[in-house]
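Written out below as structure tokens is the structure these notes cover.
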Amino acid sequence: MQIPSIRYQIFRIPTCFHSVIRHMNSNTRIQHKDNIKNSESKQLMIIDAWGQHVTLRHVQDPIFDSLRRWTKKLSYNQAPDIASTIAALDAANVDRMLISAWYAPNNIMISNEEVSTFVTQSNGRLVGVGSVDITRPNLIMREIRRCIEKYNFKAIRVLPWLFQVPPTDRRFYPVYAACCELNVPFCTQIGHTGPLMPSEVGRPIYLDQVALDFPDLTIVAGHIGYPWTDEAIAVATKHPNVYIDTSAYTIQRYPRALIEYMRNHGSKKVLFGSNYPMIDPVKALDGLDNLKLDEKTRSLFLSQNAIRVFRL
């Protein structure tokens, strides 16, 4: 009689433990849901690779008059505060945005010092990108070093159309050398220009020669490259350190060739960008599901490529 009793006691769960077990199971389910939620949050991280927190000097510059004909986004009566830029990020669930200085020949539209101040005021939401005036070669190395070592900027951006010369022009080469020495990406614009300036200097094929001359230089080419998107894809495919960002284009305007590139062998070569405030991030991301990217590719496009390229 004792043996059955012992077996029964071993396998019988006292009633007092039932509520404990239910609580443990409940906690397990909650933890499981939290893990799923945290996983989804990580997948949904978004980094905007191209934006500006503008100054009045920038948005009111006559060079942008042609853009004001078809958008009100550049109509400012006073300089925006950081809160307005952060609100634009929040509206699109964007975690961080890279904001750039703007240097043209003898014209500083947004200074490196101003970008540093904006970044400091953003509580980690904005990431600095410096710039230089390539017509002043004696200052290039010193200024880029200051951007990286003093301000902790993550890249340098110079736009060929502002200087009306292609990126193969000799005046760009000290910039490339400095970026290589300091191990930061060089960012630029490819494709046609909205302002009434020559577009030909934005041909993506020019970056082929730059990448050959500076094989260690990481190049991020913004604005998709339209109407030469096939050139942009060819150069990015050929060179391991050349990337494309989608700034200045809404998803509805992505060329079909770029979408196919993202879905296939270019999944690690394309970064999301908005070109805020020209296009709000929420508008730039509208229609994301229509790209039909798998989970991994979507994550690469929205954040992981940028994290890797800019070492965020």
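If you're wondering about the labels, chains in the structure tokens are A, B, ... by order shown, residues count from 1 in each chain, ligands from 1 in order shown.
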
Next on the checklist: Show me, as a PyMOL selection string, the residues that have an atom within 12 Å of region 223-228 of chain A when counting only C-alpha atoms, minus same-chain residues fewer than 3 positions from it.
Outcome noted: chain A and resi 49-51+159+187-194+199-207+220+231-236+243-251+253-259+261+269-275+279

Next on the checklist: DSSP on the backbone, helix (DSSP H, G or I) only: what residues of region 9-244 of chain A does that give? Format it as a ChimeraX atom specification.
Outcome noted: /A:9-11,15-43,56-59,62-68,82-91,112-121,137-150,160-163,170-182,200-202,206-213,229-238

Checklist entry - Using the chain letters and numbers from this document, which residues of region 110-174 of chain A does DSSP assign to strand (DSSP E or B), as number ranges by chain? => result A: 110, 126-130, 155-157

Restricting the output to N, CA and C atoms, write the selected residues as a PDB file, in the first residue's frame.
```pdb
ATOM      1  N   ILE A 110      24.941  76.295 -44.603  1.00  0.00           N
ATOM      2  CA  ILE A 110      24.827  75.698 -43.268  1.00  0.00           C
ATOM      3  C   ILE A 110      26.248  75.339 -42.855  1.00  0.00           C
ATOM      4  N   LEU A 126      19.969  63.326 -34.183  1.00  0.00           N
ATOM      5  CA  LEU A 126      20.608  63.817 -35.402  1.00  0.00           C
ATOM      6  C   LEU A 126      22.085  63.447 -35.394  1.00  0.00           C
ATOM      7  N   VAL A 127      22.601  63.142 -36.578  1.00  0.00           N
ATOM      8  CA  VAL A 127      23.999  62.750 -36.757  1.00  0.00           C
ATOM      9  C   VAL A 127      24.637  63.710 -37.756  1.00  0.00           C
ATOM     10  N   GLY A 128      25.806  64.227 -37.424  1.00  0.00           N
ATOM     11  CA  GLY A 128      26.425  65.257 -38.243  1.00  0.00           C
ATOM     12  C   GLY A 128      27.170  64.742 -39.463  1.00  0.00           C
ATOM     13  N   VAL A 129      27.038  65.485 -40.555  1.00  0.00           N
ATOM     14  CA  VAL A 129      27.800  65.264 -41.792  1.00  0.00           C
ATOM     15  C   VAL A 129      28.416  66.606 -42.172  1.00  0.00           C
ATOM     16  N   GLY A 130      29.723  66.651 -42.311  1.00  0.00           N
ATOM     17  CA  GLY A 130      30.409  67.904 -42.594  1.00  0.00           C
ATOM     18  C   GLY A 130      30.515  68.204 -44.072  1.00  0.00           C
ATOM     19  N   ALA A 155      30.545  61.585 -41.643  1.00  0.00           N
ATOM     20  CA  ALA A 155      30.806  61.594 -43.088  1.00  0.00           C
ATOM     21  C   ALA A 155      31.069  63.029 -43.532  1.00  0.00           C
ATOM     22  N   ILE A 156      31.498  63.151 -44.789  1.00  0.00           N
ATOM     23  CA  ILE A 156      31.700  64.456 -45.432  1.00  0.00           C
ATOM     24  C   ILE A 156      30.909  64.455 -46.733  1.00  0.00           C
ATOM     25  N   ARG A 157      30.185  65.539 -46.985  1.00  0.00           N
ATOM     26  CA  ARG A 157      29.394  65.627 -48.213  1.00  0.00           C
ATOM     27  C   ARG A 157      29.774  66.874 -49.003  1.00  0.00           C
TER      28      ARG A 157
END
```

Item to check | Residue contacts of region 297-302 of chain A (10 Å, only C-alpha atoms) excluding same-chain residues fewer than 4 positions away, as a PyMOL selection string | outcome: chain A and resi 42-49+94+245-246+262-264+266-273+285+288-289+291-293+306-308

Next on the checklist: Residues near Val158 (chain A), anyone? I mean within 10 Å using only C-alpha atoms, not counting same-chain ones fewer than 5 positions away, as a VMD selection string.
Outcome noted: chain A and resid 100 to 104 130 to 134 163 167 172 175 186 to 189

Next on the checklist: If we count only C-alpha atoms and set the cut-off at 10 Å, which residues sit around Arg136 (chain A), ignoring sequence neighbours fewer than 5 positions away in its own chain? Please answer as number ranges by chain.
Outcome noted: A: 105-106, 171

Checklist entry - Using only C-alpha atoms, which of A:Ser111, A:Asn152, A:Gln60, A:Ser303 sits nearest Met97 (chain A)? => result A:Ser303

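Residue nearest Leu89 (chain A), chosen from A:Ile144, A:His53, A:Phe214, A:Leu139 and counting only C-alpha atoms: A:His53.
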
Next on the checklist: What's around Ser122 (chain A) at 12 Å? Count only C-alpha atoms, leave out sequence neighbours fewer than 4 positions away in its own chain, and write the answer as a PyMOL selection string.
Outcome noted: chain A and resi 53+81-87+89+95-99+115-118+126-128

Checklist entry - Looking at A:Thr229, A:Tyr173, A:Pro80, A:Ala91, which one is nearest to Lys283 (chain A), with distances taken over only C-alpha atoms? => result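 Of the candidates, the smallest distance to Lys283 (chain A) is held by A:Ala91.
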